[in-house]
>>> print(open('start-v7.pdb').read())   # PDB, N, CA and C atoms
ATOM      1  N   MET A 125     -73.562  47.882 -33.295
ATOM      2  CA  MET A 125     -74.429  47.113 -32.434
ATOM      3  C   MET A 125     -75.821  47.052 -33.070
ATOM      4  N   PRO A 126     -76.404  45.840 -33.216
ATOM      5  CA  PRO A 126     -77.735  45.730 -33.821
ATOM      6  C   PRO A 126     -78.802  46.345 -32.922
ATOM      7  N   HIS A 127     -79.795  46.843 -33.572
ATOM      8  CA  HIS A 127     -80.926  47.457 -32.872
ATOM      9  C   HIS A 127     -81.722  46.361 -32.153
ATOM     10  N   PRO A 128     -82.206  46.593 -30.941
ATOM     11  CA  PRO A 128     -82.956  45.580 -30.190
ATOM     12  C   PRO A 128     -84.187  45.065 -30.935
ATOM     13  N   LEU A 129     -84.832  45.914 -31.712
ATOM     14  CA  LEU A 129     -85.994  45.481 -32.491
ATOM     15  C   LEU A 129     -85.569  44.482 -33.570
ATOM     16  N   HIS A 130     -84.404  44.715 -34.174
ATOM     17  CA  HIS A 130     -83.873  43.800 -35.190
ATOM     18  C   HIS A 130     -83.554  42.438 -34.567
ATOM     19  N   VAL A 131     -82.956  42.434 -33.390
ATOM     20  CA  VAL A 131     -82.638  41.191 -32.682
ATOM     21  C   VAL A 131     -83.920  40.454 -32.317
ATOM     22  N   ALA A 132     -84.905  41.157 -31.817
ATOM     23  CA  ALA A 132     -86.178  40.533 -31.443
ATOM     24  C   ALA A 132     -86.878  39.941 -32.665
ATOM     25  N   ALA A 133     -86.842  40.648 -33.793
ATOM     26  CA  ALA A 133     -87.460  40.141 -35.015
ATOM     27  C   ALA A 133     -86.736  38.885 -35.507
ATOM     28  N   THR A 134     -85.418  38.892 -35.422
ATOM     29  CA  THR A 134     -84.646  37.727 -35.840
ATOM     30  C   THR A 134     -84.953  36.510 -34.973
ATOM     31  N   VAL A 135     -85.024  36.735 -33.670
ATOM     32  CA  VAL A 135     -85.350  35.638 -32.755
ATOM     33  C   VAL A 135     -86.768  35.132 -33.017
ATOM     34  N   ALA A 136     -87.711  36.023 -33.260
ATOM     35  CA  ALA A 136     -89.101  35.622 -33.514
ATOM     36  C   ALA A 136     -89.208  34.808 -34.802
ATOM     37  N   VAL A 137     -88.525  35.247 -35.854
ATOM     38  CA  VAL A 137     -88.565  34.506 -37.120
ATOM     39  C   VAL A 137     -87.909  33.139 -36.950
ATOM     40  N   SER A 138     -86.769  33.094 -36.266
ATOM     41  CA  SER A 138     -86.083  31.819 -36.032
ATOM     42  C   SER A 138     -86.956  30.865 -35.217
ATOM     43  N   ALA A 139     -87.618  31.383 -34.207
ATOM     44  CA  ALA A 139     -88.496  30.551 -33.382
ATOM     45  C   ALA A 139     -89.678  30.034 -34.198
ATOM     46  N   ALA A 140     -90.247  30.878 -35.040
ATOM     47  CA  ALA A 140     -91.386  30.459 -35.864
ATOM     48  C   ALA A 140     -90.976  29.385 -36.859
ATOM     49  N   VAL A 141     -89.825  29.553 -37.498
ATOM     50  CA  VAL A 141     -89.352  28.553 -38.458
ATOM     51  C   VAL A 141     -89.052  27.243 -37.750
ATOM     52  N   THR A 142     -88.391  27.314 -36.608
ATOM     53  CA  THR A 142     -88.077  26.102 -35.845
ATOM     54  C   THR A 142     -89.344  25.389 -35.409
ATOM     55  N   TRP A 143     -90.295  26.112 -34.859
ATOM     56  CA  TRP A 143     -91.555  25.506 -34.427
ATOM     57  C   TRP A 143     -92.290  24.886 -35.613
ATOM     58  N   GLY A 144     -92.320  25.613 -36.737
ATOM     59  CA  GLY A 144     -93.004  25.102 -37.922
ATOM     60  C   GLY A 144     -92.368  23.828 -38.453
ATOM     61  N   LEU A 145     -91.042  23.786 -38.494
ATOM     62  CA  LEU A 145     -90.369  22.592 -38.988
ATOM     63  C   LEU A 145     -90.537  21.409 -38.039
ATOM     64  N   ARG A 146     -90.646  21.669 -36.762
ATOM     65  CA  ARG A 146     -90.870  20.572 -35.819
ATOM     66  C   ARG A 146     -92.324  20.100 -35.837
ATOM     67  N   ALA A 147     -93.249  20.971 -36.137
ATOM     68  CA  ALA A 147     -94.666  20.593 -36.168
ATOM     69  C   ALA A 147     -95.064  19.960 -37.500
ATOM     70  N   LEU A 148     -94.322  20.239 -38.558
ATOM     71  CA  LEU A 148     -94.673  19.758 -39.892
ATOM     72  C   LEU A 148     -94.814  18.239 -39.981
ATOM     73  N   PRO A 149     -93.890  17.443 -39.445
ATOM     74  CA  PRO A 149     -94.073  15.987 -39.548
ATOM     75  C   PRO A 149     -95.357  15.489 -38.894
ATOM     76  N   PHE A 150     -95.749  16.079 -37.779
ATOM     77  CA  PHE A 150     -96.984  15.645 -37.124
ATOM     78  C   PHE A 150     -98.206  16.008 -37.966
ATOM     79  N   ALA A 151     -98.149  17.152 -38.623
ATOM     80  CA  ALA A 151     -99.264  17.563 -39.483
ATOM     81  C   ALA A 151     -99.361  16.662 -40.705
ATOM     82  N   VAL A 152     -98.220  16.225 -41.218
ATOM     83  CA  VAL A 152     -98.223  15.359 -42.400
ATOM     84  C   VAL A 152     -98.615  13.937 -42.022
ATOM     85  N   LEU A 153     -98.181  13.467 -40.855
ATOM     86  CA  LEU A 153     -98.447  12.093 -40.453
ATOM     87  C   LEU A 153     -99.877  11.853 -39.984
ATOM     88  N   ALA A 154    -100.556  12.876 -39.535
ATOM     89  CA  ALA A 154    -101.916  12.689 -39.018
ATOM     90  C   ALA A 154    -102.840  12.030 -40.043
ATOM     91  N   PRO A 155    -102.915  12.508 -41.292
ATOM     92  CA  PRO A 155    -103.786  11.819 -42.256
ATOM     93  C   PRO A 155    -103.265  10.436 -42.657
ATOM     94  N   LEU A 156    -101.941  10.229 -42.584
ATOM     95  CA  LEU A 156    -101.383   8.944 -42.987
ATOM     96  C   LEU A 156    -101.704   7.838 -41.995
ATOM     97  N   ARG A 157    -102.003   8.183 -40.754
ATOM     98  CA  ARG A 157    -102.289   7.160 -39.744
ATOM     99  C   ARG A 157    -103.543   6.358 -40.090
ATOM    100  N   ARG A 158    -104.438   6.940 -40.842
ATOM    101  CA  ARG A 158    -105.670   6.252 -41.245
ATOM    102  C   ARG A 158    -105.499   5.476 -42.541
ATOM    103  N   SER A 159    -104.326   5.553 -43.169
ATOM    104  CA  SER A 159    -104.089   4.914 -44.453
ATOM    105  C   SER A 159    -103.894   3.407 -44.290
ATOM    106  N   ALA A 160    -104.508   2.643 -45.158
ATOM    107  CA  ALA A 160    -104.357   1.187 -45.136
ATOM    108  C   ALA A 160    -102.938   0.789 -45.547
ATOM    109  N   VAL A 161    -102.341   1.519 -46.464
ATOM    110  CA  VAL A 161    -100.979   1.206 -46.920
ATOM    111  C   VAL A 161     -99.981   1.392 -45.777
ATOM    112  N   VAL A 162    -100.099   2.475 -45.042
ATOM    113  CA  VAL A 162     -99.184   2.729 -43.927
ATOM    114  C   VAL A 162     -99.373   1.669 -42.837
ATOM    115  N   GLY A 163    -100.591   1.258 -42.592
ATOM    116  CA  GLY A 163    -100.839   0.193 -41.621
ATOM    117  C   GLY A 163    -100.214  -1.120 -42.054
ATOM    118  N   TYR A 164    -100.320  -1.438 -43.339
ATOM    119  CA  TYR A 164     -99.700  -2.653 -43.876
ATOM    120  C   TYR A 164     -98.179  -2.590 -43.731
ATOM    121  N   LEU A 165     -97.599  -1.450 -44.089
ATOM    122  CA  LEU A 165     -96.146  -1.295 -43.971
ATOM    123  C   LEU A 165     -95.686  -1.391 -42.512
ATOM    124  N   ALA A 166     -96.466  -0.840 -41.602
ATOM    125  CA  ALA A 166     -96.108  -0.902 -40.186
ATOM    126  C   ALA A 166     -96.089  -2.342 -39.681
ATOM    127  N   ARG A 167     -96.964  -3.181 -40.237
ATOM    128  CA  ARG A 167     -96.996  -4.584 -39.818
ATOM    129  C   ARG A 167     -95.894  -5.404 -40.478
ATOM    130  N   GLN A 168     -95.551  -5.095 -41.738
ATOM    131  CA  GLN A 168     -94.627  -5.933 -42.497
ATOM    132  C   GLN A 168     -93.166  -5.498 -42.422
ATOM    133  N   MET A 169     -92.890  -4.236 -42.166
ATOM    134  CA  MET A 169     -91.510  -3.755 -42.209
ATOM    135  C   MET A 169     -90.595  -4.383 -41.158
ATOM    136  N   PRO A 170     -91.035  -4.627 -39.934
ATOM    137  CA  PRO A 170     -90.107  -5.264 -38.984
ATOM    138  C   PRO A 170     -89.592  -6.618 -39.481
ATOM    139  N   THR A 171     -90.451  -7.407 -40.089
ATOM    140  CA  THR A 171     -90.027  -8.692 -40.636
ATOM    141  C   THR A 171     -89.037  -8.501 -41.768
ATOM    142  N   GLY A 172     -89.318  -7.565 -42.646
ATOM    143  CA  GLY A 172     -88.413  -7.292 -43.763
ATOM    144  C   GLY A 172     -87.064  -6.775 -43.298
ATOM    145  N   ILE A 173     -87.083  -5.913 -42.304
ATOM    146  CA  ILE A 173     -85.820  -5.377 -41.785
ATOM    147  C   ILE A 173     -85.011  -6.488 -41.124
ATOM    148  N   MET A 174     -85.652  -7.360 -40.370
ATOM    149  CA  MET A 174     -84.936  -8.474 -39.751
ATOM    150  C   MET A 174     -84.355  -9.405 -40.814
ATOM    151  N   LEU A 175     -85.087  -9.641 -41.898
ATOM    152  CA  LEU A 175     -84.579 -10.485 -42.977
ATOM    153  C   LEU A 175     -83.362  -9.852 -43.634
ATOM    154  N   ILE A 176     -83.425  -8.565 -43.894
ATOM    155  CA  ILE A 176     -82.282  -7.858 -44.484
ATOM    156  C   ILE A 176     -81.077  -7.920 -43.557
ATOM    157  N   LEU A 177     -81.277  -7.694 -42.259
ATOM    158  CA  LEU A 177     -80.174  -7.781 -41.300
ATOM    159  C   LEU A 177     -79.578  -9.184 -41.256
ATOM    160  N   ALA A 178     -80.420 -10.195 -41.285
ATOM    161  CA  ALA A 178     -79.918 -11.570 -41.246
ATOM    162  C   ALA A 178     -79.108 -11.892 -42.496
ATOM    163  N   LEU A 179     -79.620 -11.509 -43.663
ATOM    164  CA  LEU A 179     -78.889 -11.769 -44.905
ATOM    165  C   LEU A 179     -77.578 -10.992 -44.949
ATOM    166  N   TYR A 180     -77.593  -9.778 -44.475
ATOM    167  CA  TYR A 180     -76.373  -8.979 -44.438
ATOM    168  C   TYR A 180     -75.340  -9.605 -43.493
ATOM    169  N   THR A 181     -75.801 -10.132 -42.382
ATOM    170  CA  THR A 181     -74.904 -10.755 -41.420
ATOM    171  C   THR A 181     -74.308 -12.050 -41.980
ATOM    172  N   LEU A 182     -75.088 -12.790 -42.743
ATOM    173  CA  LEU A 182     -74.647 -14.092 -43.246
ATOM    174  C   LEU A 182     -73.901 -14.011 -44.578
ATOM    175  N   ARG A 183     -73.707 -12.830 -45.121
ATOM    176  CA  ARG A 183     -73.131 -12.706 -46.462
ATOM    177  C   ARG A 183     -71.698 -13.189 -46.567
ATOM    178  N   GLU A 184     -70.922 -13.140 -45.492
ATOM    179  CA  GLU A 184     -69.519 -13.519 -45.559
ATOM    180  C   GLU A 184     -69.202 -14.798 -44.788
ATOM    181  N   VAL A 185     -70.197 -15.602 -44.515
ATOM    182  CA  VAL A 185     -69.976 -16.838 -43.779
ATOM    183  C   VAL A 185     -69.334 -17.854 -44.724
ATOM    184  N   ARG A 186     -68.209 -18.421 -44.269
ATOM    185  CA  ARG A 186     -67.573 -19.479 -45.049
ATOM    186  C   ARG A 186     -68.398 -20.748 -44.871
ATOM    187  N   LEU A 187     -68.638 -21.446 -45.949
ATOM    188  CA  LEU A 187     -69.471 -22.639 -45.887
ATOM    189  C   LEU A 187     -68.643 -23.895 -45.660
ATOM    190  N   ALA A 188     -67.534 -23.779 -44.950
ATOM    191  CA  ALA A 188     -66.743 -24.937 -44.563
ATOM    192  C   ALA A 188     -67.294 -25.469 -43.242
ATOM    193  N   TRP A 189     -67.221 -26.794 -43.047
ATOM    194  CA  TRP A 189     -67.864 -27.430 -41.903
ATOM    195  C   TRP A 189     -67.497 -26.827 -40.554
ATOM    196  N   PRO A 190     -66.250 -26.726 -40.173
ATOM    197  CA  PRO A 190     -66.022 -26.238 -38.804
ATOM    198  C   PRO A 190     -66.389 -24.768 -38.635
ATOM    199  N   ALA A 191     -66.254 -23.969 -39.672
ATOM    200  CA  ALA A 191     -66.481 -22.529 -39.537
ATOM    201  C   ALA A 191     -67.953 -22.165 -39.510
ATOM    202  N   VAL A 192     -68.805 -22.964 -40.107
ATOM    203  CA  VAL A 192     -70.222 -22.613 -40.220
ATOM    204  C   VAL A 192     -71.030 -23.019 -38.980
ATOM    205  N   VAL A 193     -70.482 -23.870 -38.136
ATOM    206  CA  VAL A 193     -71.238 -24.387 -36.985
ATOM    207  C   VAL A 193     -71.678 -23.280 -36.031
ATOM    208  N   PRO A 194     -70.795 -22.376 -35.570
ATOM    209  CA  PRO A 194     -71.274 -21.334 -34.649
ATOM    210  C   PRO A 194     -72.366 -20.456 -35.257
ATOM    211  N   THR A 195     -72.218 -20.139 -36.535
ATOM    212  CA  THR A 195     -73.222 -19.299 -37.183
ATOM    213  C   THR A 195     -74.545 -20.040 -37.340
ATOM    214  N   ALA A 196     -74.494 -21.294 -37.741
ATOM    215  CA  ALA A 196     -75.727 -22.071 -37.925
ATOM    216  C   ALA A 196     -76.456 -22.281 -36.590
ATOM    217  N   VAL A 197     -75.698 -22.574 -35.546
ATOM    218  CA  VAL A 197     -76.324 -22.775 -34.233
ATOM    219  C   VAL A 197     -76.921 -21.470 -33.719
ATOM    220  N   ALA A 198     -76.195 -20.362 -33.880
ATOM    221  CA  ALA A 198     -76.716 -19.070 -33.425
ATOM    222  C   ALA A 198     -77.947 -18.658 -34.232
ATOM    223  N   LEU A 199     -77.948 -18.927 -35.526
ATOM    224  CA  LEU A 199     -79.118 -18.614 -36.355
ATOM    225  C   LEU A 199     -80.327 -19.432 -35.906
ATOM    226  N   ALA A 200     -80.105 -20.723 -35.654
ATOM    227  CA  ALA A 200     -81.201 -21.568 -35.163
ATOM    228  C   ALA A 200     -81.693 -21.076 -33.796
ATOM    229  N   ALA A 201     -80.768 -20.655 -32.957
ATOM    230  CA  ALA A 201     -81.157 -20.130 -31.642
ATOM    231  C   ALA A 201     -81.961 -18.841 -31.791
ATOM    232  N   ALA A 202     -81.550 -17.973 -32.705
ATOM    233  CA  ALA A 202     -82.288 -16.720 -32.918
ATOM    234  C   ALA A 202     -83.711 -17.009 -33.382
ATOM    235  N   ILE A 203     -83.842 -17.938 -34.306
ATOM    236  CA  ILE A 203     -85.179 -18.291 -34.805
ATOM    237  C   ILE A 203     -86.015 -18.907 -33.681
ATOM    238  N   GLY A 204     -85.413 -19.837 -32.942
ATOM    239  CA  GLY A 204     -86.142 -20.472 -31.835
ATOM    240  C   GLY A 204     -86.544 -19.489 -30.751
ATOM    241  N   LEU A 205     -85.614 -18.625 -30.365
ATOM    242  CA  LEU A 205     -85.941 -17.623 -29.342
ATOM    243  C   LEU A 205     -87.038 -16.677 -29.812
ATOM    244  N   HIS A 206     -86.974 -16.301 -31.088
ATOM    245  CA  HIS A 206     -87.991 -15.371 -31.570
ATOM    246  C   HIS A 206     -89.364 -16.042 -31.656
ATOM    247  N   LEU A 207     -89.392 -17.291 -32.068
ATOM    248  CA  LEU A 207     -90.683 -17.992 -32.117
ATOM    249  C   LEU A 207     -91.249 -18.209 -30.716
ATOM    250  N   LYS A 208     -90.370 -18.408 -29.739
ATOM    251  CA  LYS A 208     -90.839 -18.634 -28.370
ATOM    252  C   LYS A 208     -91.250 -17.339 -27.672
ATOM    253  N   THR A 209     -90.428 -16.294 -27.808
ATOM    254  CA  THR A 209     -90.685 -15.075 -27.032
ATOM    255  C   THR A 209     -91.366 -13.966 -27.825
ATOM    256  N   ARG A 210     -91.262 -14.006 -29.152
ATOM    257  CA  ARG A 210     -91.786 -12.922 -30.008
ATOM    258  C   ARG A 210     -91.181 -11.567 -29.625
ATOM    259  N   ASN A 211     -89.932 -11.606 -29.176
ATOM    260  CA  ASN A 211     -89.247 -10.399 -28.749
ATOM    261  C   ASN A 211     -87.932 -10.319 -29.516
ATOM    262  N   ALA A 212     -87.813  -9.328 -30.386
ATOM    263  CA  ALA A 212     -86.626  -9.207 -31.229
ATOM    264  C   ALA A 212     -85.366  -8.966 -30.405
ATOM    265  N   VAL A 213     -85.491  -8.200 -29.335
ATOM    266  CA  VAL A 213     -84.320  -7.899 -28.505
ATOM    267  C   VAL A 213     -83.785  -9.179 -27.874
ATOM    268  N   VAL A 214     -84.669  -9.996 -27.327
ATOM    269  CA  VAL A 214     -84.244 -11.248 -26.692
ATOM    270  C   VAL A 214     -83.597 -12.169 -27.719
ATOM    271  N   SER A 215     -84.200 -12.305 -28.892
ATOM    272  CA  SER A 215     -83.648 -13.219 -29.892
ATOM    273  C   SER A 215     -82.314 -12.712 -30.437
ATOM    274  N   ILE A 216     -82.177 -11.423 -30.667
ATOM    275  CA  ILE A 216     -80.922 -10.882 -31.189
ATOM    276  C   ILE A 216     -79.817 -10.986 -30.148
ATOM    277  N   LEU A 217     -80.109 -10.564 -28.912
ATOM    278  CA  LEU A 217     -79.077 -10.622 -27.867
ATOM    279  C   LEU A 217     -78.695 -12.060 -27.529
ATOM    280  N   GLY A 218     -79.669 -12.929 -27.419
ATOM    281  CA  GLY A 218     -79.371 -14.329 -27.104
ATOM    282  C   GLY A 218     -78.531 -14.988 -28.181
ATOM    283  N   ALA A 219     -78.900 -14.781 -29.438
ATOM    284  CA  ALA A 219     -78.135 -15.371 -30.538
ATOM    285  C   ALA A 219     -76.747 -14.757 -30.643
ATOM    286  N   THR A 220     -76.631 -13.467 -30.364
ATOM    287  CA  THR A 220     -75.319 -12.817 -30.418
ATOM    288  C   THR A 220     -74.394 -13.367 -29.343
ATOM    289  N   VAL A 221     -74.905 -13.498 -28.129
ATOM    290  CA  VAL A 221     -74.095 -14.045 -27.035
ATOM    291  C   VAL A 221     -73.685 -15.482 -27.361
ATOM    292  N   LEU A 222     -74.610 -16.268 -27.866
ATOM    293  CA  LEU A 222     -74.301 -17.654 -28.228
ATOM    294  C   LEU A 222     -73.265 -17.701 -29.346
ATOM    295  N   HIS A 223     -73.408 -16.865 -30.344
ATOM    296  CA  HIS A 223     -72.467 -16.857 -31.463
ATOM    297  C   HIS A 223     -71.067 -16.452 -31.012
ATOM    298  N   VAL A 224     -70.983 -15.431 -30.178
ATOM    299  CA  VAL A 224     -69.668 -15.007 -29.685
ATOM    300  C   VAL A 224     -69.035 -16.120 -28.859
ATOM    301  N   ALA A 225     -69.804 -16.751 -27.996
ATOM    302  CA  ALA A 225     -69.264 -17.832 -27.171
ATOM    303  C   ALA A 225     -68.809 -19.008 -28.035
ATOM    304  N   LEU A 226     -69.635 -19.404 -28.990
ATOM    305  CA  LEU A 226     -69.258 -20.530 -29.853
ATOM    306  C   LEU A 226     -68.086 -20.184 -30.752
ATOM    307  N   SER A 227     -68.045 -18.964 -31.266
ATOM    308  CA  SER A 227     -66.933 -18.569 -32.125
ATOM    309  C   SER A 227     -65.616 -18.547 -31.347
ATOM    310  N   THR A 228     -65.713 -18.229 -30.080
ATOM    311  CA  THR A 228     -64.507 -18.210 -29.247
ATOM    312  C   THR A 228     -64.068 -19.622 -28.883
ATOM    313  N   LEU A 229     -65.002 -20.494 -28.576
ATOM    314  CA  LEU A 229     -64.664 -21.821 -28.085
ATOM    315  C   LEU A 229     -64.583 -22.892 -29.159
ATOM    316  N   TRP A 230     -65.265 -22.728 -30.273
ATOM    317  CA  TRP A 230     -65.322 -23.749 -31.317
ATOM    318  C   TRP A 230     -64.042 -23.721 -32.153
ATOM    319  N   PRO A 231     -63.380 -24.854 -32.315
ATOM    320  CA  PRO A 231     -62.149 -24.857 -33.131
ATOM    321  C   PRO A 231     -62.482 -24.725 -34.612
ATOM    322  N   ALA A 232     -62.019 -23.671 -35.228
ATOM    323  CA  ALA A 232     -62.354 -23.417 -36.640
ATOM    324  C   ALA A 232     -61.329 -23.968 -37.566
TER
END
>>> encode(input="start-v7.pdb", output="structure tokens")
Amino acid sequence: MPHPLHVAATVAVSAAVTWGLRALPFAVLAPLRRSAVVGYLARQMPTGIMLILALYTLREVRLAWPAVVPTAVALAAAIGLHLKTRNAVVSILGATVLHVALSTLWPA
């Protein structure tokens, strides 16, 4: 049976390491919040991520006339919704619902 002092020391060391590892990101990020580069990345990354997602989604689209219509209409809807609402969730969900509906109903 381990000695109670040994158990207490182990728990204290584990707690200190856990607390330190959880506090470390906040200590590192505090000076970065004032950085011009981090501010630029915070403004530009959502657009870049959306572009990457769109290109990844469109990579396997067949460019035959009947098959491309649901994708083209949903893409146009996503762009239109995003320009109107400036809300990524609304544009993604709206375009997804439209694409699923058109893909189901459109004769390919």
>>> closest_residue(input="start-v7.pdb", among="A:Ile216, A:Ala191, A:Ile203, A:Leu129", to="Pro231 (chain A)", atoms="only N, CA and C atoms")
A:Ala191
>>> atom_distance(input="start-v7.pdb", atom1="CA of Leu222 (chain A)", atom2="CA of Ile176 (chain A)")
20.6 Å
>>> atom_distance(input="start-v7.pdb", atom1="CA of His223 (chain A)", atom2="CA of Val193 (chain A)")
9.4 Å
>>> atom_distance(input="start-v7.pdb", atom1="atom C of Ala154 (chain A)", atom2="atom N of Ile173 (chain A)")
24.0 Å
>>> axis_aligned_box(input="start-v7.pdb", around="region 145-161 of chain A", padding_each_side="5 Å", output="lines of an AutoDock Vina configuration file")
center_x = -98.0
center_y = 12.3
center_z = -41.4
size_x = 25.3
size_y = 33.0
size_z = 21.1
>>> select_by_dssp(input="start-v7.pdb", residues="chain A", states="helix (DSSP H, G or I)", output="ChimeraX atom specification")
/A:128-156,160-182,189-209,212-229
>>> resolve_selection(input="start-v7.pdb", expression="the PyMOL selection byres ((chain A and resi 219) around 8)", output="PyMOL selection string")
chain A and resi 197-203+205+213-218+220-225
>>> decode(input="start-v7.pdb", residues="region 154-171 of chain A", atoms="N, CA and C atoms", output="compact mmCIF listing (two decimals), in the first residue's frame")
# COMPACT_ATOMS: atom_id res chain seq x y z
N ALA A 154 -1.41 35.55 -25.29
CA ALA A 154 -1.58 36.94 -24.84
C ALA A 154 -0.72 37.92 -25.65
N PRO A 155 0.58 37.68 -25.84
CA PRO A 155 1.36 38.62 -26.66
C PRO A 155 0.98 38.58 -28.14
N LEU A 156 0.48 37.43 -28.62
CA LEU A 156 0.14 37.32 -30.03
C LEU A 156 -1.10 38.12 -30.39
N ARG A 157 -1.95 38.41 -29.42
CA ARG A 157 -3.19 39.15 -29.71
C ARG A 157 -2.89 40.56 -30.23
N ARG A 158 -1.76 41.10 -29.87
CA ARG A 158 -1.37 42.45 -30.33
C ARG A 158 -0.62 42.42 -31.65
N SER A 159 -0.36 41.23 -32.19
CA SER A 159 0.42 41.09 -33.41
C SER A 159 -0.41 41.46 -34.64
N ALA A 160 0.18 42.20 -35.54
CA ALA A 160 -0.49 42.58 -36.78
C ALA A 160 -0.68 41.35 -37.68
N VAL A 161 0.27 40.44 -37.67
CA VAL A 161 0.17 39.23 -38.51
C VAL A 161 -1.00 38.37 -38.06
N VAL A 162 -1.15 38.18 -36.76
CA VAL A 162 -2.25 37.36 -36.25
C VAL A 162 -3.60 38.03 -36.55
N GLY A 163 -3.66 39.34 -36.46
CA GLY A 163 -4.89 40.05 -36.82
C GLY A 163 -5.23 39.89 -38.28
N TYR A 164 -4.22 39.95 -39.15
CA TYR A 164 -4.44 39.74 -40.58
C TYR A 164 -4.94 38.33 -40.85
N LEU A 165 -4.30 37.34 -40.22
CA LEU A 165 -4.72 35.95 -40.41
C LEU A 165 -6.15 35.72 -39.90
N ALA A 166 -6.50 36.35 -38.80
CA ALA A 166 -7.84 36.20 -38.25
C ALA A 166 -8.90 36.75 -39.22
N ARG A 167 -8.54 37.79 -39.96
CA ARG A 167 -9.49 38.36 -40.92
C ARG A 167 -9.55 37.56 -42.21
N GLN A 168 -8.42 36.99 -42.65
CA GLN A 168 -8.36 36.34 -43.96
C GLN A 168 -8.63 34.84 -43.94
N MET A 169 -8.39 34.17 -42.83
CA MET A 169 -8.51 32.71 -42.81
C MET A 169 -9.93 32.20 -43.06
N PRO A 170 -10.98 32.83 -42.55
CA PRO A 170 -12.32 32.30 -42.86
C PRO A 170 -12.59 32.24 -44.37
N THR A 171 -12.17 33.25 -45.10
CA THR A 171 -12.35 33.25 -46.55
C THR A 171 -11.55 32.13 -47.20
